[in-house]
Structures are given as C-alpha cells and as structure tokens.
Amino acid sequence: MESDSRCNGSAASRRSFLQLGVGVPAALASGILGEPFFAAAARAASLPHGPFPKDAVIIDANENPLGPCSVAREAIAEITGDSGRYSYWLTEDLGKRFAEQQGLTPEYVRAFPGSGEPLHFSVLSFTSASRSYVTADPGYEAGMHAAKISGARVVKTPLTASHAHDVKAMLGAAPDAGLFYVCTPNNPTGTLTPHADIEYLVKDVIVLRTFSKIYGMAGLRCGLAIGRPDLVAKVASFSGWNSLPVTAVAAALTSLDDATVVSERKRINAAVRSETFAWLDKNGYSYIPSVSNCFMLDTKRPTKEIIDAMAARNVFIGRAWPVWPTHVRITVGTKSEMEKFQAAFHEVMQTKSARTMSVPTRSVATNLDGWRVPIALSENS
Ligand SMILES: Cc1ncc(COP(=O)(O)O)c(C=O)c1O
C-alpha cells in the first residue's frame, strides 16, 4: 500500500475509536452500523482502533488496498476546486448514468453514500414485528441490526454444502418473511448463490451495489440501490432529499465510464487470492474457496487468540462468526500484504497455542446478536 491514512499510530490517535464511541450507543439503538464498526468491534479493546501502526497489514474490513482508479483520482482532483458548491444535480447524474448503462430508466436507480445505508433502509421498509428478516448464517451482520430496530424476528439459515444461500430453507423457515437478504458473493465466505436460486426465492428485488470494494472508494462513500421505482422510492424515503459529496460522485462517474477498471481489478484480486490459496494448500491449512475479496480461514482454534496473535505481528485480520467459531475472515490484500500475512500466520500456527502470546485480551465484551461490542464503547454513552 502507498500512503495510508489508517497507518499512523500515535497514542492519542489510537484512542480515537473509543472517543468516536461516544456516538456508538446511540447508533446501536437506532442508527446504521457498517463494516468498519463490525471490524473494529471485533478487535480487542487494547488493540489499535485506527489509525493503525505504521506498516500494518490491514486485511480486516474487506477494503480495497488499491484505492480509487487513476481516472477517479484525476476527477476528484479536478472537482475539488468546485467543492464549495453542493452541485446536487451530480448525484442525480450518477443514478442516470448507471441506469443508462444498464438499459434502465432513471427512476430505477438511486445513489446513496455507500450500500450500507440503503440496506438499512430496505430492512426498515420491509420488516416489522410481524414481518421477519431472513438471512444466511454466516452472513453480513448489518441487516440483523436494522431488523432489531424495526422489531422484526431475525431468521438465520445455514449455508448449503457449497456455501450458497439455502433458498429453500430460507423460504421454509419464515412464512412471515418481510425481507430475504441474499449477499452474493457472500460476506464473509466470498461464495456465490446461483441466479436461479434468487429468482426462485423472490419476485420483488432491490439490488444494492457499492463503490467501496472493486472501485476502491470505501472512504469516499458511494453506492446504489436498483429496483422497481416504487421499491426504490420507498427505500429512498428514509434518507429524504440530500446530495452526495461531489468528490465521491465524480470518482464514481469516471469509474463507471472506465471500461477496464473492473476486469483489471478482478484479475489482480483473483491472482493474489489464488497465490494465497496455493500457499494455504501447500502448508495444509483449511479454508473455504472464494470468488471475492475475502475468504474464511479455518484456524482450528478459537479465533480470538489467532486475531490477537496476528495483531501482535502487525497483521490485522478480520472477524469470526459465532456459527463457525474456528473460522476467521481474511480480506485479500496486495501481493506483498498477503506475503506478510502468510509469514505471520505460519508463525502463529507454529506456536502450540496462540494463547501463550503476550497480547492483552479484551477486558470485557457483550454479545449482541452474534457480534461483540466493546464495553468501553458502551461506557462512553
Ligand atoms: C455485503 C455488504 N453490504 C454492505 C456493506 C457496506 O459497505 P458500504 O456502505 O461501504 O457500501 C458491506 C461492507 O463490507 C458488505 O460487505
């Protein structure tokens, strides 16, 4: 990675997440939680919560270490001088451009700051005390949090043997379903659910797309909701009328127009992923084969000790899901980051038990629907 604002470990800055935590209890009660929250909440309170130490390998939050593509960077630089203006029409232009590219009319598409926001609003729109939220287990957690806010029953169904969503089980488990959440490739497994299965499961679909991953724009915040106009309008009604940062929109528009960025980045990601899997195979480690920028690694040990032992070696890996207590999610970073990951992981696995490592453990934690919230955050309320 080149320059990285997440790496700069002064003591004062390491406290910033906990300071930020002042707002977290309120967010837990009624707000949106996203990937950075889940990634940070999974880390021991004593470990950095950003910025990270210098030269840290940060493969815990499914980010793209490549950042925005070069045309997007140029567009950001170009629009910066005009950033004193709202230029709200640009947000609409983004929806229109994407719709045009997909052969849709503009009412089918709405732009948001990321995909987490429309996910949250979709759950609030279509679930309630009498309409449950149905998701895969393991699956991305944010929708479960939103379902708690809407008072909905959360129904979790295991993945199939090929780690797809088990659509028959999902249907069978929830005759009262208000929303079926299908994440494909799935976070955290990076595995696909066949298109035909999704068609079997649902008629009305809202597709959420993000610029955070392949386009490397997680910090810029841009995403899209696509669907029948009445569904999209319902979801968008939660955010009212607001425009996105012009820098994010400019980067997104140019990224969409770049004919090579998606294929090139898929190629890079696949190459690093394959090399990592080859190394894991060679060394006898188990993992679930993935087609995305993350995969589940079976450490055969309680994951917390592995996560902490890796962090002590300046390699930050991502979290575990209660249903699979020995698996930990690894984000596919750059080639050099994955080489550092390999060296650190090998070393950790050579120790009899990573429990012997001198990493301070989290003092206290509470369990909220499968993910852990540092008490330190709650105490700041
Ligand atoms: C499945 C899924 N949905 C939503 C998000 C939220 O990301 P963003 O709001 O940056 O689009 C993530 C982040 O990792 C994710 O994995």
# chains A, B, ... in the order shown; residues from 1 in each chain; ligands from 1

$ select_by_dssp --residues "range 252-311 of chain A" --states "strand (DSSP E)" --output "list of chain:residue names"
A:Ser286, A:Tyr287, A:Cys294, A:Phe295, A:Met296, A:Leu297, A:Asp298

$ write_last_selection --atoms "N, CA and C atoms" --output "compact mmCIF listing (two decimals), in the first residue's frame"
# COMPACT_ATOMS: atom_id res chain seq x y z
N SER A 286 -6.72 -25.09 6.19
CA SER A 286 -8.06 -25.23 5.58
C SER A 286 -8.72 -23.88 5.40
N TYR A 287 -9.43 -23.76 4.31
CA TYR A 287 -10.16 -22.52 4.03
C TYR A 287 -11.33 -22.85 3.12
N CYS A 294 -12.61 -11.70 -0.10
CA CYS A 294 -12.42 -12.22 1.25
C CYS A 294 -12.66 -13.72 1.25
N PHE A 295 -12.17 -14.37 2.30
CA PHE A 295 -12.41 -15.82 2.42
C PHE A 295 -12.35 -16.19 3.89
N MET A 296 -12.92 -17.36 4.20
CA MET A 296 -12.91 -17.84 5.58
C MET A 296 -11.80 -18.88 5.73
N LEU A 297 -10.95 -18.63 6.72
CA LEU A 297 -9.82 -19.49 7.02
C LEU A 297 -10.13 -20.25 8.30
N ASP A 298 -10.00 -21.58 8.23
CA ASP A 298 -10.29 -22.38 9.42
C ASP A 298 -9.00 -22.57 10.20

$ residues_around --residues "Pro185 in chain A" --least-positions-apart "3" --cutoff "9 Å" --atoms "only C-alpha atoms" --output "VMD selection string"
chain A and resid 164 182 188 to 193 290 to 292

$ write_last_selection --atoms "C-alpha atoms" --output "PDB file, in the first residue's frame"
ATOM      1  CA  ALA A 164     -24.616 -20.751  -1.266  1.00  0.00           C
ATOM      2  CA  VAL A 182     -29.070 -12.524  -0.164  1.00  0.00           C
ATOM      3  CA  PRO A 188     -17.870 -13.414   4.815  1.00  0.00           C
ATOM      4  CA  THR A 189     -17.461 -16.566   2.677  1.00  0.00           C
ATOM      5  CA  GLY A 190     -16.972 -14.975  -0.757  1.00  0.00           C
ATOM      6  CA  THR A 191     -19.196 -17.670  -2.257  1.00  0.00           C
ATOM      7  CA  LEU A 192     -21.939 -17.265  -4.864  1.00  0.00           C
ATOM      8  CA  THR A 193     -25.640 -18.047  -4.789  1.00  0.00           C
ATOM      9  CA  SER A 290     -13.939 -17.928  -2.506  1.00  0.00           C
ATOM     10  CA  VAL A 291     -14.505 -15.831  -5.614  1.00  0.00           C
ATOM     11  CA  SER A 292     -14.370 -12.449  -3.900  1.00  0.00           C
TER      12      SER A 292
END

$ residues_near_ligand --ligand "ligand 1" --cutoff "8 Å" --atoms "only C-alpha atoms and all ligand atoms" --output "PyMOL selection string"
chain A and resi 34-36+61-63+113-117+119+140+142+183-184+186-188+208-213+217-219+221-223

$ select_by_dssp --residues "range 126-322 of chain A" --states "helix (DSSP H, G or I)" --output "PDB file with C-alpha atoms, in the first residue's frame"
ATOM      1  CA  PHE A 126     -39.990  -4.179   4.610  1.00  0.00           C
ATOM      2  CA  ALA A 142     -25.763  -5.053   9.350  1.00  0.00           C
ATOM      3  CA  GLY A 143     -29.256  -6.129   8.295  1.00  0.00           C
ATOM      4  CA  MET A 144     -29.742  -8.032  11.548  1.00  0.00           C
ATOM      5  CA  HIS A 145     -29.041  -4.869  13.450  1.00  0.00           C
ATOM      6  CA  ALA A 146     -31.580  -2.957  11.327  1.00  0.00           C
ATOM      7  CA  ALA A 147     -34.132  -5.730  11.914  1.00  0.00           C
ATOM      8  CA  LYS A 148     -33.774  -5.296  15.657  1.00  0.00           C
ATOM      9  CA  ILE A 149     -34.626  -1.642  15.207  1.00  0.00           C
ATOM     10  CA  SER A 150     -37.755  -2.489  13.225  1.00  0.00           C
ATOM     11  CA  VAL A 167     -33.153 -20.541  -0.550  1.00  0.00           C
ATOM     12  CA  LYS A 168     -35.499 -23.446   0.168  1.00  0.00           C
ATOM     13  CA  ALA A 169     -34.553 -23.376   3.834  1.00  0.00           C
ATOM     14  CA  MET A 170     -34.934 -19.603   3.890  1.00  0.00           C
ATOM     15  CA  LEU A 171     -38.439 -19.857   2.435  1.00  0.00           C
ATOM     16  CA  GLY A 172     -39.418 -22.690   4.736  1.00  0.00           C
ATOM     17  CA  ALA A 173     -38.087 -21.032   7.877  1.00  0.00           C
ATOM     18  CA  HIS A 195     -29.075 -16.535 -10.028  1.00  0.00           C
ATOM     19  CA  ALA A 196     -31.805 -19.148 -10.495  1.00  0.00           C
ATOM     20  CA  ASP A 197     -31.979 -19.657  -6.723  1.00  0.00           C
ATOM     21  CA  ILE A 198     -32.518 -15.953  -6.165  1.00  0.00           C
ATOM     22  CA  GLU A 199     -35.293 -15.944  -8.771  1.00  0.00           C
ATOM     23  CA  TYR A 200     -36.842 -18.927  -7.004  1.00  0.00           C
ATOM     24  CA  LEU A 201     -36.745 -17.054  -3.694  1.00  0.00           C
ATOM     25  CA  PRO A 229     -39.323   2.512  -8.890  1.00  0.00           C
ATOM     26  CA  ASP A 230     -41.887   2.096  -6.102  1.00  0.00           C
ATOM     27  CA  LEU A 231     -39.488  -0.115  -4.106  1.00  0.00           C
ATOM     28  CA  VAL A 232     -36.541   2.216  -4.615  1.00  0.00           C
ATOM     29  CA  ALA A 233     -38.665   5.250  -3.732  1.00  0.00           C
ATOM     30  CA  LYS A 234     -39.768   3.569  -0.511  1.00  0.00           C
ATOM     31  CA  VAL A 235     -36.173   2.842   0.495  1.00  0.00           C
ATOM     32  CA  ALA A 236     -35.042   6.338  -0.506  1.00  0.00           C
ATOM     33  CA  VAL A 246     -19.137  15.816  -5.194  1.00  0.00           C
ATOM     34  CA  THR A 247     -15.765  14.119  -4.882  1.00  0.00           C
ATOM     35  CA  ALA A 248     -17.464  10.741  -4.415  1.00  0.00           C
ATOM     36  CA  VAL A 249     -19.832  11.314  -7.323  1.00  0.00           C
ATOM     37  CA  ALA A 250     -17.064  12.495  -9.653  1.00  0.00           C
ATOM     38  CA  ALA A 251     -14.991   9.437  -8.778  1.00  0.00           C
ATOM     39  CA  ALA A 252     -17.974   7.117  -9.214  1.00  0.00           C
ATOM     40  CA  LEU A 253     -18.981   8.588 -12.583  1.00  0.00           C
ATOM     41  CA  THR A 254     -15.491   8.255 -14.027  1.00  0.00           C
ATOM     42  CA  SER A 255     -15.080   4.763 -12.549  1.00  0.00           C
ATOM     43  CA  LEU A 256     -18.296   3.633 -14.221  1.00  0.00           C
ATOM     44  CA  ASP A 257     -17.089   5.039 -17.525  1.00  0.00           C
ATOM     45  CA  VAL A 261     -11.074  -0.995 -14.159  1.00  0.00           C
ATOM     46  CA  VAL A 262     -13.459  -3.809 -13.171  1.00  0.00           C
ATOM     47  CA  SER A 263     -11.821  -6.518 -15.244  1.00  0.00           C
ATOM     48  CA  GLU A 264      -8.324  -5.402 -14.280  1.00  0.00           C
ATOM     49  CA  ARG A 265      -9.101  -5.374 -10.577  1.00  0.00           C
ATOM     50  CA  LYS A 266     -10.890  -8.708 -10.741  1.00  0.00           C
ATOM     51  CA  ARG A 267      -7.786 -10.104 -12.385  1.00  0.00           C
ATOM     52  CA  ILE A 268      -5.477  -8.683  -9.696  1.00  0.00           C
ATOM     53  CA  ASN A 269      -7.733  -9.875  -6.870  1.00  0.00           C
ATOM     54  CA  ALA A 270      -8.057 -13.353  -8.352  1.00  0.00           C
ATOM     55  CA  ALA A 271      -4.303 -13.666  -8.882  1.00  0.00           C
ATOM     56  CA  VAL A 272      -3.450 -12.722  -5.276  1.00  0.00           C
ATOM     57  CA  ARG A 273      -6.277 -14.900  -3.962  1.00  0.00           C
ATOM     58  CA  SER A 274      -5.059 -17.920  -5.951  1.00  0.00           C
ATOM     59  CA  GLU A 275      -1.495 -17.428  -4.727  1.00  0.00           C
ATOM     60  CA  THR A 276      -2.768 -17.239  -1.149  1.00  0.00           C
ATOM     61  CA  PHE A 277      -4.861 -20.386  -1.573  1.00  0.00           C
ATOM     62  CA  ALA A 278      -1.902 -22.219  -3.146  1.00  0.00           C
ATOM     63  CA  TRP A 279       0.214 -21.288  -0.127  1.00  0.00           C
ATOM     64  CA  LEU A 280      -2.510 -22.404   2.301  1.00  0.00           C
ATOM     65  CA  ASP A 281      -2.862 -25.712   0.407  1.00  0.00           C
ATOM     66  CA  LYS A 282       0.891 -26.269   0.419  1.00  0.00           C
ATOM     67  CA  THR A 303     -10.312 -17.273  16.563  1.00  0.00           C
ATOM     68  CA  LYS A 304      -9.809 -14.570  19.134  1.00  0.00           C
ATOM     69  CA  GLU A 305      -6.376 -15.838  20.073  1.00  0.00           C
ATOM     70  CA  ILE A 306      -5.377 -16.002  16.402  1.00  0.00           C
ATOM     71  CA  ILE A 307      -6.678 -12.493  15.697  1.00  0.00           C
ATOM     72  CA  ASP A 308      -4.794 -11.103  18.692  1.00  0.00           C
ATOM     73  CA  ALA A 309      -1.592 -13.018  17.910  1.00  0.00           C
ATOM     74  CA  MET A 310      -1.704 -11.757  14.316  1.00  0.00           C
ATOM     75  CA  ALA A 311      -2.299  -8.196  15.533  1.00  0.00           C
ATOM     76  CA  ALA A 312       0.776  -8.510  17.735  1.00  0.00           C
TER      77      ALA A 312
END

$ closest_residue --among "A:Pro53, A:Lys156, A:Ser239, A:Thr91" --to "Ser125 in chain A" --atoms "only C-alpha atoms"
A:Ser239

$ closest_residue --among "A:Ala72, A:Ile317, A:Ala343, A:Ile226" --to "Ala42 in chain A" --atoms "only C-alpha atoms"
A:Ile317

$ residues_around --residues "range 107-109 of chain A" --least-positions-apart "3" --cutoff "8 Å" --atoms "only C-alpha atoms" --output "ChimeraX atom specification"
/A:95-96,98-99,104,224-229,232

$ write_last_selection --atoms "C-alpha atoms" --output "PDB file, in the first residue's frame"
ATOM      1  CA  GLY A  95     -28.086   7.463 -10.961  1.00  0.00           C
ATOM      2  CA  LYS A  96     -28.914   8.416 -14.540  1.00  0.00           C
ATOM      3  CA  PHE A  98     -25.770   3.917 -14.203  1.00  0.00           C
ATOM      4  CA  ALA A  99     -29.375   3.482 -15.370  1.00  0.00           C
ATOM      5  CA  LEU A 104     -32.994   1.254 -17.293  1.00  0.00           C
ATOM      6  CA  LEU A 224     -26.571   2.499  -5.487  1.00  0.00           C
ATOM      7  CA  ALA A 225     -29.971   0.931  -4.930  1.00  0.00           C
ATOM      8  CA  ILE A 226     -31.570  -0.506  -8.049  1.00  0.00           C
ATOM      9  CA  GLY A 227     -35.099  -1.859  -8.334  1.00  0.00           C
ATOM     10  CA  ARG A 228     -38.677  -1.224  -9.332  1.00  0.00           C
ATOM     11  CA  PRO A 229     -39.323   2.512  -8.890  1.00  0.00           C
ATOM     12  CA  VAL A 232     -36.541   2.216  -4.615  1.00  0.00           C
TER      13      VAL A 232
END

$ closest_residue --among "A:Ser83, A:Thr260, A:Arg110, A:Thr157" --to "Val71 in chain A" --atoms "only C-alpha atoms"
A:Thr260
